[in-house]
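> The structure file protein-v5.cif (mmCIF, C-alpha atoms and all ligand atoms) is provided below.
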```cif
data_protein
#
loop_
_atom_site.label_atom_id
_atom_site.label_comp_id
_atom_site.auth_asym_id
_atom_site.auth_seq_id
_atom_site.Cartn_x
_atom_site.Cartn_y
_atom_site.Cartn_z
CA MET A 1 -73.00 108.75 -66.10
CA ILE A 2 -70.82 109.27 -63.02
CA ALA A 3 -73.31 107.56 -60.73
CA PHE A 4 -73.44 104.78 -63.27
CA TYR A 5 -69.66 104.43 -63.08
CA TYR A 6 -69.63 104.26 -59.29
CA GLN A 7 -72.31 101.61 -59.35
CA TYR A 8 -70.12 99.69 -61.77
CA VAL A 9 -67.06 100.00 -59.52
CA ALA A 10 -69.10 98.98 -56.49
CA GLU A 11 -70.25 95.88 -58.31
CA ARG A 12 -66.69 95.02 -59.33
CA ASN A 13 -65.51 95.32 -55.75
CA CYS A 14 -68.28 93.23 -54.33
CA LEU A 15 -67.34 90.37 -56.63
CA THR A 16 -64.04 89.98 -54.83
CA ARG A 17 -65.86 89.42 -51.54
CA VAL A 18 -68.18 86.69 -52.84
CA LYS A 19 -66.63 83.24 -52.54
CA ARG A 20 -67.45 80.81 -55.33
CA LEU A 21 -67.89 77.79 -53.07
CA ARG A 22 -69.87 79.45 -50.28
CA SER A 23 -73.63 79.57 -49.97
CA TYR A 24 -75.41 82.75 -48.96
CA ASN A 25 -78.85 83.47 -47.61
CA VAL A 26 -80.42 86.80 -48.57
CA ARG A 27 -78.90 88.67 -45.63
CA GLU A 28 -75.42 87.20 -46.15
CA ALA A 29 -75.56 87.86 -49.89
CA ALA A 30 -76.52 91.46 -49.14
CA LYS A 31 -73.61 91.84 -46.73
CA ALA A 32 -71.09 90.29 -49.12
CA THR A 33 -72.18 92.48 -52.03
CA GLY A 34 -72.78 95.69 -50.08
CA ALA A 35 -76.39 95.75 -51.22
CA THR A 36 -79.61 95.67 -49.22
CA PRO A 37 -81.65 92.47 -48.77
CA GLY A 38 -84.35 94.12 -50.89
CA THR A 39 -81.85 94.56 -53.73
CA VAL A 40 -80.82 90.91 -53.45
CA ARG A 41 -84.49 89.86 -53.80
CA HIS A 42 -84.77 92.20 -56.79
CA TRP A 43 -81.74 90.48 -58.37
CA HIS A 44 -83.40 87.15 -57.71
CA LYS A 45 -86.46 88.28 -59.68
CA ASN A 46 -84.17 89.49 -62.44
CA GLY A 47 -82.16 86.35 -63.05
CA LEU A 48 -80.03 85.64 -59.96
CA GLU A 49 -80.66 81.94 -59.46
CA GLY A 50 -81.20 80.55 -55.98
CA ILE A 51 -80.79 76.90 -55.07
CA VAL A 52 -83.88 75.16 -56.43
CA GLY A 53 -86.39 73.87 -53.89
CA VAL A 54 -84.78 75.57 -50.90
CA TYR A 55 -86.67 78.09 -48.81
CA PRO A 56 -85.75 80.64 -47.46
CA LEU A 57 -83.63 81.58 -50.45
CA ILE A 58 -80.04 80.35 -50.58
CA PHE A 59 -77.67 81.48 -53.30
CA ARG A 60 -74.46 79.78 -54.32
CA GLY A 61 -71.49 82.13 -54.57
CA VAL A 62 -70.79 80.86 -58.06
CA ASP A 63 -74.31 81.90 -59.15
CA ILE A 64 -73.94 85.36 -57.65
CA ILE A 65 -70.66 85.81 -59.54
CA ALA A 66 -72.21 84.53 -62.78
CA PHE A 67 -75.12 86.96 -62.33
CA PHE A 68 -72.78 89.93 -62.01
CA LYS A 69 -70.72 88.77 -64.99
CA ARG A 70 -73.88 88.61 -67.12
CA ARG A 71 -74.87 92.11 -66.05
CA GLU A 72 -71.43 93.36 -66.92
CA ASP A 73 -71.58 91.74 -70.34
CA ASP A 74 -75.00 93.28 -70.96
CA ARG A 75 -73.56 96.64 -70.09
CA LYS A 76 -70.61 96.29 -72.46
CA ARG A 77 -72.89 95.70 -75.41
CA PRO A 78 -76.17 97.02 -74.12
CA CYS A 79 -77.73 97.73 -77.47
CA GLY A 80 -77.81 94.53 -79.47
CA PRO A 81 -80.27 94.10 -82.33
CA GLY A 82 -83.61 95.69 -81.59
CA ARG A 83 -82.48 97.34 -78.36
CA MET A 84 -81.71 100.96 -77.58
CA PHE A 85 -80.25 102.71 -74.58
CA CYS A 86 -82.49 104.93 -72.46
CA PHE A 87 -80.36 107.57 -70.78
CA ARG A 88 -83.07 108.32 -68.27
CA CYS A 89 -83.48 104.70 -67.12
CA LYS A 90 -79.77 103.93 -67.72
CA GLU A 91 -80.74 100.67 -69.34
CA ALA A 92 -81.02 99.09 -72.76
CA LYS A 93 -84.63 98.54 -73.73
CA THR A 94 -86.77 97.25 -76.53
CA PRO A 95 -88.59 100.36 -77.81
CA ALA A 96 -92.28 100.75 -77.08
CA PHE A 97 -94.68 99.06 -79.55
CA GLY A 98 -91.68 97.34 -81.19
CA GLU A 99 -91.42 100.35 -83.49
CA VAL A 100 -88.66 102.77 -84.41
CA GLU A 101 -88.21 105.57 -86.91
CA PHE A 102 -85.12 105.95 -89.03
CA TRP A 103 -84.17 109.55 -89.69
CA PRO A 104 -81.47 109.75 -92.36
CA ASP A 105 -79.07 112.65 -92.08
CA GLY A 106 -77.01 111.87 -95.14
CA PRO A 107 -76.90 109.39 -97.98
CA LYS A 108 -75.69 106.59 -95.72
CA LEU A 109 -76.08 107.44 -92.06
CA GLY A 110 -78.97 108.28 -89.82
CA THR A 111 -80.53 107.90 -86.40
CA LEU A 112 -82.93 105.30 -85.17
CA ARG A 113 -85.48 106.77 -82.79
CA GLY A 114 -87.74 104.89 -80.46
CA LEU A 115 -89.65 105.50 -77.26
CA CYS A 116 -88.63 104.04 -73.93
CA PRO A 117 -91.43 101.66 -72.88
CA ASP A 118 -91.03 102.66 -69.23
CA CYS A 119 -90.42 106.41 -69.12
CA ALA A 120 -91.40 107.43 -72.69
CA ALA A 121 -88.11 109.27 -73.25
CA THR A 122 -86.83 109.31 -76.81
CA MET A 123 -84.02 106.83 -77.35
CA ASN A 124 -81.58 107.40 -80.20
CA LYS A 125 -79.11 105.09 -81.85
CA ARG A 126 -76.79 105.78 -84.76
CA ALA A 127 -77.23 103.45 -87.68
CA SER A 128 -76.36 103.28 -91.32
CA LEU A 129 -78.71 102.21 -94.08
CA ALA A 130 -76.39 99.27 -94.65
CA ASN A 131 -76.67 97.96 -91.09
CA LEU A 132 -80.23 99.12 -90.45
CA ARG A 133 -81.65 95.61 -90.35
CA ALA A 134 -78.89 94.31 -88.11
CA SER A 135 -79.30 97.26 -85.81
CA ALA A 136 -83.07 97.28 -85.59
CA GLY A 137 -83.47 93.50 -85.26
CA ASP A 138 -87.15 92.54 -85.30
CA LEU A 139 -88.40 96.07 -84.81
CA LYS A 140 -90.75 97.67 -87.29
CA VAL A 141 -88.82 100.50 -88.94
CA SER A 142 -90.50 103.43 -90.62
CA ILE A 143 -88.09 105.47 -92.70
CA ARG A 144 -88.54 109.21 -92.45
CA CYS A 145 -87.36 111.10 -95.45
CA ALA A 146 -85.58 114.10 -94.07
CA ASP A 147 -83.12 113.90 -96.95
CA PRO A 148 -84.74 114.69 -100.33
CA ARG A 149 -82.25 112.44 -102.11
CA LEU A 150 -83.60 109.47 -100.17
CA SER A 151 -87.25 110.30 -100.75
CA GLU A 152 -86.63 109.94 -104.48
CA THR A 153 -85.52 106.36 -104.04
CA PRO A 154 -88.52 104.13 -104.77
CA GLU A 155 -89.41 101.69 -102.00
CA PRO A 156 -88.75 98.10 -103.02
CA ASN A 157 -92.34 97.00 -102.29
CA SER A 158 -94.07 100.09 -103.62
CA ASN A 159 -97.24 99.78 -105.63
CA PRO A 160 -96.46 99.09 -109.30
CA HIS A 161 -99.44 101.25 -110.32
CA SER A 162 -97.79 104.55 -109.73
CA GLU A 163 -100.16 107.26 -108.70
CA GLY A 164 -99.79 110.35 -110.82
CA GLY A 165 -99.78 113.47 -108.87
ZN ZN A 201 -86.53 105.12 -69.91
#
```
Would you mind writing the structure in this file as structure tokens?

Amino acid sequence: MIAFYYQYVAERNCLTRVKRLRSYNVREAAKATGATPGTVRHWHKNGLEGIVGVYPLIFRGVDIIAFFKRREDDRKRPCGPGRMFCFRCKEAKTPAFGEVEFWPDGPKLGTLRGLCPDCAATMNKRASLANLRASAGDLKVSIRCADPRLSETPEPNSNPHSEGG
């Protein structure tokens, strides 16, 4: 988390050195942001827009600033619907296979669990039954019945022909 914080501070500082109205080639953009040219190319692949039709790459200062603002916004609310935070990758991700499990630990609250698609670490996210849909987004949720009180609740789409047993 500390390294994460320093990266954040470094990115804040670099913003003050990028001028909105200037244009930057890869090397200049790297110098202004304190990054390496390789990192600047990586940003370009991940949404930093260059000036269209110009080669070698030229970035407008205003686009570099917008790119950092977007990243900052993503970080403030990294786990929107259907996304979970992987502490190993330090990034919000859509869980592997688009599937999560919900493990209730009380009548109302529980934990959503999914697998990181990149490093296969388990990602957890607190959720309540009430906001489960909002929290899981389009993910397929299988509810695990750790709480016996919940396992007694019939599923809404369960088979009307109840199986005796
Ligand atoms: Zn991961």
> Which protein, DNA or RNA residues have an atom within 7 Å of ligand ZN 201 (chain A), counting all atoms listed in the file, as a PyMOL selection string?
chain A and resi 86-89+116-121
> Work out how far apart CA of Asn131 (chain A) and CA of Gly106 (chain A) are and give it in Å to one decimal.
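Between CA of Asn131 (chain A) and CA of Gly106 (chain A) the gap is 14.5 Å.
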> Quick one: contact table of region 31-107 of chain A to region 132-137 of chain A, 10 Å max, nearest atom pair and distance in Å to one decimal per residue, counting only C-alpha atoms, chain and number order, as CSV?

```
residue,atom,partner,partner_atom,distance
A:Cys79,CA,A:Ser135,CA,8.5
A:Gly80,CA,A:Ser135,CA,7.1
A:Pro81,CA,A:Gly137,CA,4.4
A:Gly82,CA,A:Gly137,CA,4.3
A:Arg83,CA,A:Ala136,CA,7.3
A:Met84,CA,A:Ala136,CA,8.9
A:Thr94,CA,A:Ala136,CA,9.8
A:Gly98,CA,A:Ala136,CA,9.7
A:Glu99,CA,A:Ala136,CA,9.1
A:Val100,CA,A:Ala136,CA,7.9
A:Glu101,CA,A:Ala136,CA,9.8
A:Phe102,CA,A:Leu132,CA,8.5
```
> Any chance you could export the current selection's C-alpha atoms as a PDB file, in the frame of the given file?

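The file below, selection34.pdb, is the result:
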```
ATOM      1  CA  CYS A  79     -77.730  97.730 -77.470  1.00  0.00           C
ATOM      2  CA  GLY A  80     -77.810  94.530 -79.470  1.00  0.00           C
ATOM      3  CA  PRO A  81     -80.270  94.100 -82.330  1.00  0.00           C
ATOM      4  CA  GLY A  82     -83.610  95.690 -81.590  1.00  0.00           C
ATOM      5  CA  ARG A  83     -82.480  97.340 -78.360  1.00  0.00           C
ATOM      6  CA  MET A  84     -81.710 100.960 -77.580  1.00  0.00           C
ATOM      7  CA  THR A  94     -86.770  97.250 -76.530  1.00  0.00           C
ATOM      8  CA  GLY A  98     -91.680  97.340 -81.190  1.00  0.00           C
ATOM      9  CA  GLU A  99     -91.420 100.350 -83.490  1.00  0.00           C
ATOM     10  CA  VAL A 100     -88.660 102.770 -84.410  1.00  0.00           C
ATOM     11  CA  GLU A 101     -88.210 105.570 -86.910  1.00  0.00           C
ATOM     12  CA  PHE A 102     -85.120 105.950 -89.030  1.00  0.00           C
TER      13      PHE A 102
END
```
> Here is a test: counting all atoms listed in the file, which residue of A:Ile64, A:Leu21, A:Val141, A:Ile58 is nearest to Gly114 (chain A)?
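Among the listed residues, the smallest separation from Gly114 (chain A) belongs to A:Val141.
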> Report, in Å to a single decimal, how far apart CA of Lys90 (chain A) and CA of Val62 (chain A) are.
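Between CA of Val62 (chain A) and CA of Lys90 (chain A) the gap works out to 26.6 Å.
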> Using all atoms listed in the file, which residue out of A:Thr33, A:Thr122, A:Asn25, A:Thr39 lies closest to Ile65 (chain A)?
A:Thr33
> If you measure from CA of Ala66 (chain A) to CA of Phe85 (chain A), what distance in Å do you get, rounded to one decimal?
23.1 Å
> List every protein, DNA or RNA residue that has an atom no more than 12 Å from (-72.9, 79.4, -53.5) in the file's coordinate frame, counting all atoms listed in the file, and report them as a PDB file with C-alpha atoms, in the frame of the given file.

```pdb
ATOM      1  CA  VAL A  18     -68.180  86.690 -52.840  1.00  0.00           C
ATOM      2  CA  LYS A  19     -66.630  83.240 -52.540  1.00  0.00           C
ATOM      3  CA  ARG A  20     -67.450  80.810 -55.330  1.00  0.00           C
ATOM      4  CA  LEU A  21     -67.890  77.790 -53.070  1.00  0.00           C
ATOM      5  CA  ARG A  22     -69.870  79.450 -50.280  1.00  0.00           C
ATOM      6  CA  SER A  23     -73.630  79.570 -49.970  1.00  0.00           C
ATOM      7  CA  TYR A  24     -75.410  82.750 -48.960  1.00  0.00           C
ATOM      8  CA  ASN A  25     -78.850  83.470 -47.610  1.00  0.00           C
ATOM      9  CA  VAL A  26     -80.420  86.800 -48.570  1.00  0.00           C
ATOM     10  CA  GLU A  28     -75.420  87.200 -46.150  1.00  0.00           C
ATOM     11  CA  ALA A  29     -75.560  87.860 -49.890  1.00  0.00           C
ATOM     12  CA  ALA A  32     -71.090  90.290 -49.120  1.00  0.00           C
ATOM     13  CA  LEU A  48     -80.030  85.640 -59.960  1.00  0.00           C
ATOM     14  CA  GLU A  49     -80.660  81.940 -59.460  1.00  0.00           C
ATOM     15  CA  GLY A  50     -81.200  80.550 -55.980  1.00  0.00           C
ATOM     16  CA  ILE A  51     -80.790  76.900 -55.070  1.00  0.00           C
ATOM     17  CA  LEU A  57     -83.630  81.580 -50.450  1.00  0.00           C
ATOM     18  CA  ILE A  58     -80.040  80.350 -50.580  1.00  0.00           C
ATOM     19  CA  PHE A  59     -77.670  81.480 -53.300  1.00  0.00           C
ATOM     20  CA  ARG A  60     -74.460  79.780 -54.320  1.00  0.00           C
ATOM     21  CA  GLY A  61     -71.490  82.130 -54.570  1.00  0.00           C
ATOM     22  CA  VAL A  62     -70.790  80.860 -58.060  1.00  0.00           C
ATOM     23  CA  ASP A  63     -74.310  81.900 -59.150  1.00  0.00           C
ATOM     24  CA  ILE A  64     -73.940  85.360 -57.650  1.00  0.00           C
ATOM     25  CA  ILE A  65     -70.660  85.810 -59.540  1.00  0.00           C
ATOM     26  CA  ALA A  66     -72.210  84.530 -62.780  1.00  0.00           C
ATOM     27  CA  PHE A  67     -75.120  86.960 -62.330  1.00  0.00           C
TER      28      PHE A  67
END
```
